[in-house]
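Data first, discussion second: the structure below is written as structure tokens.
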Amino acid sequence: MRRLVIAPRWKKVVRDIMERPGRSVLAVIAMTAGVFALGTMVVKYATLRPVLATMYGDTRPSSATLFTDALSDALVDSVRRVEGVGDAELRPVIIARARLGEDEWIPAVLFVIRDFDAQRLDVFKRDTGAWPPADGEVLLERSAVAVAKIERDANLMIRTAGGEDHELKFAGTVHAAGLAPAWMEHVVYGFVAWSSSARGDGSNESSQIRISVAEHPLDEGHIREVAGRVKALLEREGHTVARIDVPIPGRHPHADQMDTFIYLLGAFGILSFLLSSVLVASMVHALLSEQLRQVGVMKAIGATTRQIAGIYLGQVALLATAALAIGGPLAFFAGRAYAEFSAGILNADVSHSPFPWGALIVLAVVGIAVPLAVALGPVLRASRITVHQALNDDLGPRPFGSRGLERRLAAISWLPRPLLLSLRTTFLRRGRLLLTVVMLALGGAVFMSALNVSGAWQRAVNADFSMRRYDLTVRFAESQPIAVVDEALAKLPVVRDAEYWPGANPYLIGPNGAPGSTIAMTGPTPGSKLLTLPLLDGRWLTPGDTNAVVINNAALIRNPKLRVGGTIEVRNNGTTHAFPIVGMVKEMAPMAVIYAPPRAVLAVTGADGEQTRIARVVTTEHTEAGQLGASREVERAFEAMEIEVTGMQSMLDVRKGILDHLVIILVVLTMASTLVVFVGGLALTSTLSINVMLRTREIGVLGAIGATPRTISSHVWIEGLLIGLMSWIVALLIAAPVSWLLESVTGNMFFKAPLAFFMSLQAALIWLALIVVLATLSSLYPAWRASRLTIREALSTT
Amino acid sequence: MIRMQAVTKTYETAAGSFAALRGIDLEIRAGEMVAIVGRSGSGKSTLLNMVAGIDRPTSGEVAVAGTSIQSLSHDRLATWRGRSVGIVFQFFQLLPTLTVIENVMLPMDFCGAIPPNARRDRALELLDRVGVPEQADKLPSTLSGGQQQRVAIARALANDPPLILADEPTGNLDSSTGEAVFRLFGDLVADGKTVVIVTHERDAVSGVSRTVTLADGCVAS
């Protein structure tokens, strides 16, 4: 039998790896971290992309929704025949509240479906349970089940805007991919049959007709034009159209958030991968400096540059393969999980996404090729060395003191000598020191930025809410005489004060002079102490104002031409009103608002000002319990007077809802920084081990002149701490611009306004503490190795 | 076999330039066993490096077996060295992670002159010849200094080169082991090889056909 011959040089590849298990494991971990970071991103992307590409389109999203009154099926047929209309579906909506517990309600939206099996627009799919629901049943959007806190087959209590209560059996779930997830919106989405008992006499419904356009589905102007024709038809037939909503064509409501997360984490994935690659290069460099003599010997006995390079590249390839074998599957599962998490933001379903073969192949190629590419430089340099240089240590370490910094360090004598030794050796290899410091600092900067951004959010939200000095917003089903409401509230000991601001929802005239979507208009009581918003420009309303208005920053996004000194035009019930803009305020809200004197608002609506639908209530206790208690008492009081309350919002609840959105950002950023911090920690361990290895002889000398193993390991530890502290300072410097950038981006993403720059002292101190822990952990292994070297071993290395 | 003409070597150091060899003319014929002796710093190792192609002369010409080696590129030089020269170092310089027999097979692996299937047998044969066949599958660190040097000689013979260069081969060995190593070199000369040994131990030099003494970079005798 012929014996399989493995050339000795390939045996050397494997044996060299086995000979230094610590270093090999470290290198594999570094590469695994890179493979994991990159792999998670590509697997996530590959999993999500095919789903996202088709998901929203598959729901056949409507182009516009017209809010009208009850329409006959024949009229809906006529709408379908209007020029430019692709399809139309009448889908009445019941605005209601769902009961979560005693005196605990949450907004609910019930869609009334003509035929569950013949949906035309905004299609949703059967998920679990009944399909279609019976008259006394409701199907919930699957993301709404947790929001409604309900078990299958239990009854959901619904109170409509008209004050009617209905018990509906929760009979099953649907998946409506076009809706934003209920847990983010804090709304219960339900679907009921055309003959559902919840409809009552139909007076509590908003009759909505949804249309799609036959052509140019992404052209918003065209959509408005077609919707205008439908409106004209409906009005000719004697119906009124209260409002036309046109969402951004072709975009899922949460697509922006999704994109931001993809780019943010994608950037961190690539950063981690690059850092780990640089770390691998540095490790290879260290390995080779230890092997220089062997390179010389091999060349002396006939090895060519190419053969030598092959040996060390083979080693890197082997380690990279091991890293791929570990990191690949980990990345696959993490990427899938992350895709699922991201899909949650879009209410998408990735369980049927095809297996990401392409992504895994790309990962395998990159996972091997990149370590080889980064190792190529050091390997070629080492392989090209001449025998003479290699055998005579010509490329050995540069003597300490040949640079200015080193001479200055050498002049310091007041520090304890062990610390001095650590300090000077730390600076001996400046390239590696710089690399380690930068890696650790990047991790720290991302970590601190995550906390800074979260702190900036909290401050911004708190600041915004501190300017709204009322505790409850009470909404009535119908307009009520202010005198009656005020008298009722005045009797309650939990209520300190209340104000009644008239409101309107006119159309905002857009930059092209045509009415666009609606804008909120609010008339705070002149001189009210309940609202003081920070001014960006101009002034706030004064009691003497008659028609001057103040707009918020979100209004500017709707019409960029608006400015202080100009005018803003709105249209309501066919009349256009123009108001001079005297000021602009900043609000942490995506909703455009016009603040105007009450009489200006009343001029728009045509109401008389003696009636109100909203009361803003100041309670005696401003705590969560105080607001909740007061809201219950207020609700009961109005119930006793048979005044229907449709909305009861406590400001602390609203604030909590906003802060809940932030949890996602914080989680995402913390995940990203964990990876970078991990790679940075590896870099520190590797640098310390390499320094120990290169100073083996020096450690032997220290032992020979009386240093105990404890002293020697403490040297390594102090060196780790010094590097950590340097990185902490650099991290602070990097964290400032990174925080600023993230605060601007996330602020704009959620609230259309950048957050005020904020750096948290707490974050800096936490990172400092972590750095000490990290430096200690990273120096454990090298310190242990250093202390175990016997003097004989240390001095006999050649 | 070896011809050096007017070879000089000057090193530039921080302390100024230093002439290691000053105009060396030397001829060594095939089948000779030559000892190059001199004090530390006399230039004998530098001379050996010139012959092995490990270092290049600043001026002058070095020809080994008809090849003018200063004209070869580094890589061609390595291949040439693997086939034409066997080098024995003072500190043995066996690769620590390869077994004894793998160390001997390594030069065959690099040069490809011996067919892969024949390499192991040839390596065993060489180990037998230098007297350490039973150590074949051990790692170098488990061997004594004398055994390691014998393995190093076997490795130098791997590609059957006509010329063996040894740099202080007995410097790290006790005297009786050193003598045994010299006897081994004598056997090689008897087999037709040319052997050049650098050493500072004048007394230990036995069985050489000629001794060249260097002093301050010049041939003294």
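Residue numbers start at 1 in each chain; chains themselves are named A, B, ... in the order of the structure tokens; ligands are numbered from 1 in the order shown.
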
May I ask you to extract the residues of chain B within 9 Å of chain A, using only C-alpha atoms, and to give them as a PDB file with N, CA and C atoms, in the first residue's frame?
```pdb
ATOM      1  N   ASN B  49      29.400  32.675   5.376  1.00  0.00           N
ATOM      2  CA  ASN B  49      28.132  33.179   4.854  1.00  0.00           C
ATOM      3  C   ASN B  49      28.237  33.552   3.371  1.00  0.00           C
ATOM      4  N   ALA B  52      28.063  30.353   1.423  1.00  0.00           N
ATOM      5  CA  ALA B  52      26.729  29.752   1.451  1.00  0.00           C
ATOM      6  C   ALA B  52      25.704  30.599   0.714  1.00  0.00           C
ATOM      7  N   GLY B  53      26.125  31.828   0.336  1.00  0.00           N
ATOM      8  CA  GLY B  53      25.149  32.702  -0.314  1.00  0.00           C
ATOM      9  C   GLY B  53      24.169  33.292   0.677  1.00  0.00           C
ATOM     10  N   ILE B  54      24.493  33.210   1.962  1.00  0.00           N
ATOM     11  CA  ILE B  54      23.629  33.793   2.985  1.00  0.00           C
ATOM     12  C   ILE B  54      23.840  35.301   3.016  1.00  0.00           C
ATOM     13  N   ASP B  55      25.049  35.726   2.705  1.00  0.00           N
ATOM     14  CA  ASP B  55      25.366  37.156   2.693  1.00  0.00           C
ATOM     15  C   ASP B  55      26.115  37.441   1.386  1.00  0.00           C
ATOM     16  N   HIS B  74      17.618  36.237  -4.669  1.00  0.00           N
ATOM     17  CA  HIS B  74      17.452  35.573  -3.366  1.00  0.00           C
ATOM     18  C   HIS B  74      16.793  34.217  -3.498  1.00  0.00           C
ATOM     19  N   ASP B  75      15.726  34.172  -4.326  1.00  0.00           N
ATOM     20  CA  ASP B  75      14.991  32.919  -4.440  1.00  0.00           C
ATOM     21  C   ASP B  75      15.790  31.843  -5.184  1.00  0.00           C
ATOM     22  N   ARG B  76      16.480  32.263  -6.282  1.00  0.00           N
ATOM     23  CA  ARG B  76      17.288  31.286  -7.023  1.00  0.00           C
ATOM     24  C   ARG B  76      18.414  30.796  -6.124  1.00  0.00           C
ATOM     25  N   LEU B  77      18.901  31.717  -5.304  1.00  0.00           N
ATOM     26  CA  LEU B  77      19.971  31.388  -4.371  1.00  0.00           C
ATOM     27  C   LEU B  77      19.499  30.321  -3.376  1.00  0.00           C
ATOM     28  N   ALA B  78      18.261  30.498  -2.886  1.00  0.00           N
ATOM     29  CA  ALA B  78      17.729  29.543  -1.902  1.00  0.00           C
ATOM     30  C   ALA B  78      17.634  28.156  -2.520  1.00  0.00           C
ATOM     31  N   THR B  79      17.112  28.091  -3.743  1.00  0.00           N
ATOM     32  CA  THR B  79      16.990  26.798  -4.403  1.00  0.00           C
ATOM     33  C   THR B  79      18.374  26.196  -4.672  1.00  0.00           C
ATOM     34  N   TRP B  80      19.278  27.047  -5.135  1.00  0.00           N
ATOM     35  CA  TRP B  80      20.649  26.579  -5.398  1.00  0.00           C
ATOM     36  C   TRP B  80      21.273  26.031  -4.118  1.00  0.00           C
ATOM     37  N   ARG B  81      21.074  26.783  -3.028  1.00  0.00           N
ATOM     38  CA  ARG B  81      21.663  26.402  -1.747  1.00  0.00           C
ATOM     39  C   ARG B  81      21.108  25.056  -1.289  1.00  0.00           C
ATOM     40  N   GLY B  82      19.766  24.905  -1.461  1.00  0.00           N
ATOM     41  CA  GLY B  82      19.138  23.663  -1.032  1.00  0.00           C
ATOM     42  C   GLY B  82      19.747  22.449  -1.723  1.00  0.00           C
ATOM     43  N   ARG B  83      20.127  22.587  -2.975  1.00  0.00           N
ATOM     44  CA  ARG B  83      20.636  21.439  -3.717  1.00  0.00           C
ATOM     45  C   ARG B  83      22.141  21.299  -3.646  1.00  0.00           C
ATOM     46  N   VAL B  85      24.418  23.049  -1.331  1.00  0.00           N
ATOM     47  CA  VAL B  85      25.141  23.275  -0.081  1.00  0.00           C
ATOM     48  C   VAL B  85      24.342  22.714   1.088  1.00  0.00           C
ATOM     49  N   GLY B  86      25.000  22.030   2.001  1.00  0.00           N
ATOM     50  CA  GLY B  86      24.361  21.632   3.249  1.00  0.00           C
ATOM     51  C   GLY B  86      24.982  22.443   4.369  1.00  0.00           C
ATOM     52  N   ILE B  87      24.130  23.068   5.192  1.00  0.00           N
ATOM     53  CA  ILE B  87      24.675  23.939   6.231  1.00  0.00           C
ATOM     54  C   ILE B  87      24.421  23.324   7.605  1.00  0.00           C
ATOM     55  N   GLN B  93      19.737  24.460  15.208  1.00  0.00           N
ATOM     56  CA  GLN B  93      18.652  25.099  14.473  1.00  0.00           C
ATOM     57  C   GLN B  93      17.710  24.094  13.824  1.00  0.00           C
ATOM     58  N   LEU B  94      17.335  23.067  14.605  1.00  0.00           N
ATOM     59  CA  LEU B  94      16.284  22.180  14.119  1.00  0.00           C
ATOM     60  C   LEU B  94      14.945  22.854  14.390  1.00  0.00           C
ATOM     61  N   LEU B  95      13.965  22.636  13.524  1.00  0.00           N
ATOM     62  CA  LEU B  95      12.659  23.266  13.756  1.00  0.00           C
ATOM     63  C   LEU B  95      11.949  22.527  14.888  1.00  0.00           C
ATOM     64  N   PRO B  96      11.578  23.244  15.935  1.00  0.00           N
ATOM     65  CA  PRO B  96      11.130  22.582  17.162  1.00  0.00           C
ATOM     66  C   PRO B  96       9.823  21.809  17.020  1.00  0.00           C
ATOM     67  N   THR B  97       8.976  22.182  16.053  1.00  0.00           N
ATOM     68  CA  THR B  97       7.671  21.505  15.989  1.00  0.00           C
ATOM     69  C   THR B  97       7.661  20.336  15.007  1.00  0.00           C
ATOM     70  N   LEU B  98       8.796  20.073  14.373  1.00  0.00           N
ATOM     71  CA  LEU B  98       8.872  18.922  13.476  1.00  0.00           C
ATOM     72  C   LEU B  98       9.701  17.826  14.142  1.00  0.00           C
ATOM     73  N   THR B  99       9.344  16.563  13.868  1.00  0.00           N
ATOM     74  CA  THR B  99      10.119  15.463  14.426  1.00  0.00           C
ATOM     75  C   THR B  99      11.477  15.421  13.721  1.00  0.00           C
ATOM     76  N   GLU B 102      11.226  14.449  10.145  1.00  0.00           N
ATOM     77  CA  GLU B 102      10.603  15.507   9.353  1.00  0.00           C
ATOM     78  C   GLU B 102      11.586  16.648   9.104  1.00  0.00           C
ATOM     79  N   ASN B 103      12.432  16.935  10.108  1.00  0.00           N
ATOM     80  CA  ASN B 103      13.461  17.951   9.915  1.00  0.00           C
ATOM     81  C   ASN B 103      14.394  17.564   8.776  1.00  0.00           C
ATOM     82  N   MET B 105      13.626  15.578   6.288  1.00  0.00           N
ATOM     83  CA  MET B 105      12.876  15.563   5.024  1.00  0.00           C
ATOM     84  C   MET B 105      12.581  16.971   4.499  1.00  0.00           C
ATOM     85  N   LEU B 106      12.629  17.971   5.386  1.00  0.00           N
ATOM     86  CA  LEU B 106      12.214  19.328   5.011  1.00  0.00           C
ATOM     87  C   LEU B 106      12.971  19.891   3.803  1.00  0.00           C
ATOM     88  N   PRO B 107      14.333  19.780   3.746  1.00  0.00           N
ATOM     89  CA  PRO B 107      15.038  20.316   2.569  1.00  0.00           C
ATOM     90  C   PRO B 107      14.624  19.601   1.279  1.00  0.00           C
ATOM     91  N   MET B 108      14.312  18.291   1.375  1.00  0.00           N
ATOM     92  CA  MET B 108      13.862  17.558   0.178  1.00  0.00           C
ATOM     93  C   MET B 108      12.526  18.126  -0.268  1.00  0.00           C
ATOM     94  N   ASP B 109      11.686  18.443   0.718  1.00  0.00           N
ATOM     95  CA  ASP B 109      10.377  19.020   0.471  1.00  0.00           C
ATOM     96  C   ASP B 109      10.520  20.353  -0.270  1.00  0.00           C
ATOM     97  N   PHE B 110      11.482  21.178   0.185  1.00  0.00           N
ATOM     98  CA  PHE B 110      11.646  22.500  -0.419  1.00  0.00           C
ATOM     99  C   PHE B 110      12.215  22.420  -1.833  1.00  0.00           C
ATOM    100  N   CYS B 111      13.162  21.508  -2.044  1.00  0.00           N
ATOM    101  CA  CYS B 111      13.874  21.522  -3.328  1.00  0.00           C
ATOM    102  C   CYS B 111      13.262  20.604  -4.374  1.00  0.00           C
ATOM    103  N   PRO B 116       8.767  12.405  -3.769  1.00  0.00           N
ATOM    104  CA  PRO B 116       8.102  12.364  -2.463  1.00  0.00           C
ATOM    105  C   PRO B 116       8.114  10.992  -1.814  1.00  0.00           C
ATOM    106  N   ASN B 117       7.883   9.948  -2.585  1.00  0.00           N
ATOM    107  CA  ASN B 117       7.803   8.618  -1.978  1.00  0.00           C
ATOM    108  C   ASN B 117       9.145   8.106  -1.464  1.00  0.00           C
ATOM    109  N   ARG B 120      11.154   9.636   2.783  1.00  0.00           N
ATOM    110  CA  ARG B 120      11.211   9.090   4.135  1.00  0.00           C
ATOM    111  C   ARG B 120      12.325   8.044   4.241  1.00  0.00           C
ATOM    112  N   ARG B 155      20.391  16.410   8.065  1.00  0.00           N
ATOM    113  CA  ARG B 155      19.564  17.356   7.319  1.00  0.00           C
ATOM    114  C   ARG B 155      20.397  18.034   6.220  1.00  0.00           C
ATOM    115  N   ALA B 156      21.671  18.376   6.563  1.00  0.00           N
ATOM    116  CA  ALA B 156      22.534  19.033   5.581  1.00  0.00           C
ATOM    117  C   ALA B 156      22.772  18.124   4.373  1.00  0.00           C
TER     118      ALA B 156
END
```

Shell of 7 Å around Ser197 in chain A, only C-alpha atoms, local chain residues under 2 positions omitted, as a ChimeraX atom specification: /A:135-136,195,199-200

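Per DSSP on the backbone, strand (DSSP E) in range 42-85 of chain B comprises Ser59, Gly60, Glu61, Val62, Ala63, Val64, Thr67, Ser68 and Val85 of chain B.
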
What would the file look like if the residues just selected were written as an mmCIF file, in the first residue's frame with C-alpha atoms?
```
data_model
loop_
_atom_site.group_PDB
_atom_site.id
_atom_site.type_symbol
_atom_site.label_atom_id
_atom_site.label_comp_id
_atom_site.auth_asym_id
_atom_site.auth_seq_id
_atom_site.Cartn_x
_atom_site.Cartn_y
_atom_site.Cartn_z
ATOM 1 C CA SER B 59 33.047 43.662 -3.685
ATOM 2 C CA GLY B 60 34.868 40.746 -5.255
ATOM 3 C CA GLU B 61 33.623 37.454 -6.618
ATOM 4 C CA VAL B 62 32.479 34.190 -5.072
ATOM 5 C CA ALA B 63 32.057 31.124 -7.279
ATOM 6 C CA VAL B 64 30.894 27.790 -5.904
ATOM 7 C CA THR B 67 28.165 29.116 -10.122
ATOM 8 C CA SER B 68 28.884 32.785 -9.547
ATOM 9 C CA VAL B 85 25.141 23.275 -0.081
#
```

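Going from CA of Ser206 in chain A over to CA of Val93 in chain A, you cover 5.2 Å.
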
Neighbour list for range 195-198 of chain B as a ChimeraX atom specification, cut-off 8 Å, only C-alpha atoms, skip fewer than 6 positions in-chain: /B:31-37,44-45,48,163-169,185,188-189

Within 10 Å of Gly544 in chain A using only C-alpha atoms, minus same-chain residues under 5 positions, as a PyMOL selection string: chain A and resi 526-527+597

Residues just named, written with N, CA and C atoms as a PDB file, in the first residue's frame:
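The new file out00.pdb reads:
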```
ATOM      1  N   PRO A 526     -55.333  82.247  25.987  1.00  0.00           N
ATOM      2  CA  PRO A 526     -54.303  83.305  26.007  1.00  0.00           C
ATOM      3  C   PRO A 526     -53.679  83.435  27.395  1.00  0.00           C
ATOM      4  N   GLY A 527     -52.354  83.503  27.425  1.00  0.00           N
ATOM      5  CA  GLY A 527     -51.644  83.633  28.695  1.00  0.00           C
ATOM      6  C   GLY A 527     -51.606  82.348  29.499  1.00  0.00           C
ATOM      7  N   PRO A 597     -54.475  81.814  18.403  1.00  0.00           N
ATOM      8  CA  PRO A 597     -55.413  82.312  19.415  1.00  0.00           C
ATOM      9  C   PRO A 597     -56.734  81.555  19.269  1.00  0.00           C
TER      10      PRO A 597
END
```

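Taking only C-alpha atoms, the non-local environment of Ser778 in chain A within 10 Å (same-chain residues fewer than 6 positions away omitted) comprises A:Gly680, A:Gly681, A:Leu682, A:Ala683, A:Leu684, A:Thr685, A:Ser686, A:Thr687, A:Leu688, A:Ser689, A:Val716, A:Trp717, A:Gly720, A:Leu721, A:Val772.
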
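Take CA of Phe447 in chain A and CA of Ala33 in chain A: the distance between them is 17.1 Å.
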
Surrounding residues of Leu184 in chain B excluding itself and chain neighbours under 4 positions, 10 Å, only C-alpha atoms, as an NGL selection string: :B and (129-131 or 150 or 153 or 178-180 or 188-190)

All helix (DSSP H, G or I) residues (DSSP, backbone) inside range 312-482 of chain A, as JSON, numbers by chain: {"A": [312, 313, 314, 315, 316, 317, 318, 319, 320, 321, 322, 323, 324, 325, 326, 327, 328, 329, 330, 331, 332, 333, 334, 335, 336, 337, 338, 339, 340, 341, 342, 343, 344, 345, 346, 357, 358, 359, 360, 361, 362, 363, 364, 365, 366, 367, 368, 369, 370, 371, 372, 373, 374, 375, 376, 377, 378, 379, 380, 381, 382, 383, 387, 388, 389, 390, 391, 404, 405, 406, 407, 408, 409, 410, 411, 417, 418, 419, 420, 421, 422, 423, 424, 425, 426, 427, 428, 430, 431, 432, 433, 434, 435, 436, 437, 438, 439, 440, 441, 442, 443, 444, 445, 446, 447, 448, 449, 450, 451, 452, 453, 454, 455, 456, 457, 458, 459, 460, 461, 462, 463, 464, 465, 466, 482]}

The selected residues should be written to file as a short mmCIF file (atom, residue, chain, number, x, y, z; two decimals), in the first residue's frame (atoms: C-alpha atoms).
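That gives us again28.cif:
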```cif
data_model
loop_
_atom_site.label_atom_id
_atom_site.label_comp_id
_atom_site.auth_asym_id
_atom_site.auth_seq_id
_atom_site.Cartn_x
_atom_site.Cartn_y
_atom_site.Cartn_z
CA TYR A 312 2.35 30.98 7.04
CA LEU A 313 -0.59 31.72 4.76
CA GLY A 314 -1.55 28.07 5.18
CA GLN A 315 -1.56 28.61 8.90
CA VAL A 316 -3.79 31.66 8.56
CA ALA A 317 -6.12 29.78 6.20
CA LEU A 318 -6.41 26.93 8.66
CA LEU A 319 -7.23 29.27 11.54
CA ALA A 320 -9.69 31.16 9.34
CA THR A 321 -11.41 27.90 8.43
CA ALA A 322 -11.77 27.04 12.10
CA ALA A 323 -13.18 30.51 12.76
CA LEU A 324 -15.60 30.07 9.90
CA ALA A 325 -16.71 26.69 11.23
CA ILE A 326 -17.54 28.29 14.58
CA GLY A 327 -18.61 31.77 13.52
CA GLY A 328 -20.61 30.74 10.46
CA PRO A 329 -23.35 28.78 12.25
CA LEU A 330 -23.43 31.34 15.08
CA ALA A 331 -23.83 34.13 12.53
CA PHE A 332 -26.55 32.19 10.78
CA PHE A 333 -28.65 31.85 13.90
CA ALA A 334 -27.97 35.40 15.07
CA GLY A 335 -28.73 36.79 11.61
CA ARG A 336 -31.99 34.88 11.44
CA ALA A 337 -32.97 36.00 14.93
CA TYR A 338 -32.08 39.58 14.12
CA ALA A 339 -34.04 39.40 10.87
CA GLU A 340 -37.02 38.20 12.88
CA PHE A 341 -36.59 41.07 15.35
CA SER A 342 -36.35 43.58 12.51
CA ALA A 343 -39.32 41.98 10.78
CA GLY A 344 -41.25 42.66 14.00
CA ILE A 345 -40.76 46.38 13.46
CA LEU A 346 -42.43 46.02 10.06
CA TRP A 357 -27.20 30.07 0.55
CA GLY A 358 -25.78 33.05 -1.29
CA ALA A 359 -25.05 34.91 1.93
CA LEU A 360 -23.30 31.90 3.45
CA ILE A 361 -21.15 31.41 0.36
CA VAL A 362 -20.18 35.07 0.39
CA LEU A 363 -19.37 34.73 4.07
CA ALA A 364 -17.21 31.65 3.47
CA VAL A 365 -15.25 33.36 0.71
CA VAL A 366 -14.80 36.62 2.61
CA GLY A 367 -14.09 34.79 5.87
CA ILE A 368 -11.10 33.04 4.30
CA ALA A 369 -10.00 35.67 1.80
CA VAL A 370 -9.89 38.67 4.12
CA PRO A 371 -7.69 37.11 6.82
CA LEU A 372 -5.37 35.90 4.03
CA ALA A 373 -5.35 39.35 2.48
CA VAL A 374 -4.54 41.15 5.71
CA ALA A 375 -1.88 38.56 6.55
CA LEU A 376 -0.29 38.85 3.13
CA GLY A 377 1.67 42.02 3.94
CA PRO A 378 3.37 40.77 7.13
CA VAL A 379 3.87 37.29 5.63
CA LEU A 380 5.54 38.59 2.49
CA ARG A 381 7.74 40.95 4.50
CA ALA A 382 8.85 38.08 6.73
CA SER A 383 9.32 35.64 3.85
CA VAL A 387 18.98 34.39 5.87
CA HIS A 388 21.62 36.70 7.20
CA GLN A 389 19.07 39.16 8.64
CA ALA A 390 17.00 36.36 10.13
CA LEU A 391 19.87 34.53 11.78
CA GLY A 404 11.97 61.56 21.63
CA LEU A 405 8.95 60.27 23.50
CA GLU A 406 10.95 57.38 24.86
CA ARG A 407 13.71 59.68 26.07
CA ARG A 408 11.12 61.80 27.84
CA LEU A 409 9.66 58.67 29.42
CA ALA A 410 13.13 57.62 30.45
CA ALA A 411 13.59 60.95 32.19
CA ARG A 417 10.10 51.47 39.35
CA PRO A 418 7.77 48.56 38.39
CA LEU A 419 5.28 51.11 37.04
CA LEU A 420 8.09 52.84 35.15
CA LEU A 421 9.11 49.58 33.53
CA SER A 422 5.50 48.88 32.48
CA LEU A 423 5.11 52.43 31.20
CA ARG A 424 8.26 52.31 29.09
CA THR A 425 7.58 48.87 27.62
CA THR A 426 4.04 49.96 26.79
CA PHE A 427 5.44 52.62 24.52
CA LEU A 428 8.20 50.46 23.01
CA ARG A 430 4.05 52.06 19.26
CA GLY A 431 2.31 50.56 16.24
CA ARG A 432 0.76 47.78 18.22
CA LEU A 433 -0.02 50.12 21.10
CA LEU A 434 -1.80 52.49 18.75
CA LEU A 435 -3.79 49.64 17.23
CA THR A 436 -4.90 48.34 20.61
CA VAL A 437 -5.79 51.78 21.92
CA VAL A 438 -7.80 52.62 18.82
CA MET A 439 -9.71 49.32 18.88
CA LEU A 440 -10.58 49.59 22.53
CA ALA A 441 -11.45 53.25 22.10
CA LEU A 442 -13.82 52.55 19.21
CA GLY A 443 -15.65 49.96 21.29
CA GLY A 444 -15.80 52.38 24.20
CA ALA A 445 -16.96 55.22 22.00
CA VAL A 446 -19.85 53.18 20.62
CA PHE A 447 -20.72 51.98 24.10
CA MET A 448 -20.72 55.47 25.56
CA SER A 449 -22.59 56.82 22.55
CA ALA A 450 -25.36 54.29 23.13
CA LEU A 451 -25.77 55.58 26.67
CA ASN A 452 -25.36 59.20 25.57
CA VAL A 453 -28.04 58.88 22.90
CA SER A 454 -30.39 57.21 25.32
CA GLY A 455 -29.66 59.97 27.87
CA ALA A 456 -30.23 62.64 25.24
CA TRP A 457 -33.59 61.09 24.43
CA GLN A 458 -34.66 60.99 28.05
CA ARG A 459 -33.65 64.60 28.54
CA ALA A 460 -35.37 65.73 25.37
CA VAL A 461 -38.57 63.89 26.21
CA ASN A 462 -38.51 65.10 29.80
CA ALA A 463 -37.85 68.67 28.70
CA ASP A 464 -40.69 68.49 26.20
CA PHE A 465 -43.12 67.15 28.75
CA SER A 466 -42.06 69.61 31.42
CA ILE A 482 -67.62 74.29 28.66
#
```

Long-range neighbours of Ile568 in chain A as a ChimeraX atom specification, 12 Å cut-off, only C-alpha atoms, 5 positions minimum in chain: /A:506-511,513,515,519,521,547-551,555-556,558-563,576-584,593-596

Separation of CA of Lys491 in chain A from CA of Ala637 in chain A, in Å and rounded to one decimal: 9.4 Å

Residue nearest Ala19 in chain B - candidates B:Gly145, B:Pro57, B:Pro161, B:Gly38, atoms counted: only C-alpha atoms: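 Between B:Gly145, B:Pro57, B:Pro161, B:Gly38, the residue approaching Ala19 in chain B most closely is B:Pro57.
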
Nearest residue to Val230 in chain A from the set A:Pro493, A:Gly609, A:Gly84, A:Gly574 (distances using only C-alpha atoms): A:Gly84

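Between Ala152 in chain B and the residues B:Val132, B:Phe89, B:Val208, B:Asn172, the shortest atom-to-atom distance, using only C-alpha atoms, involves B:Phe89.
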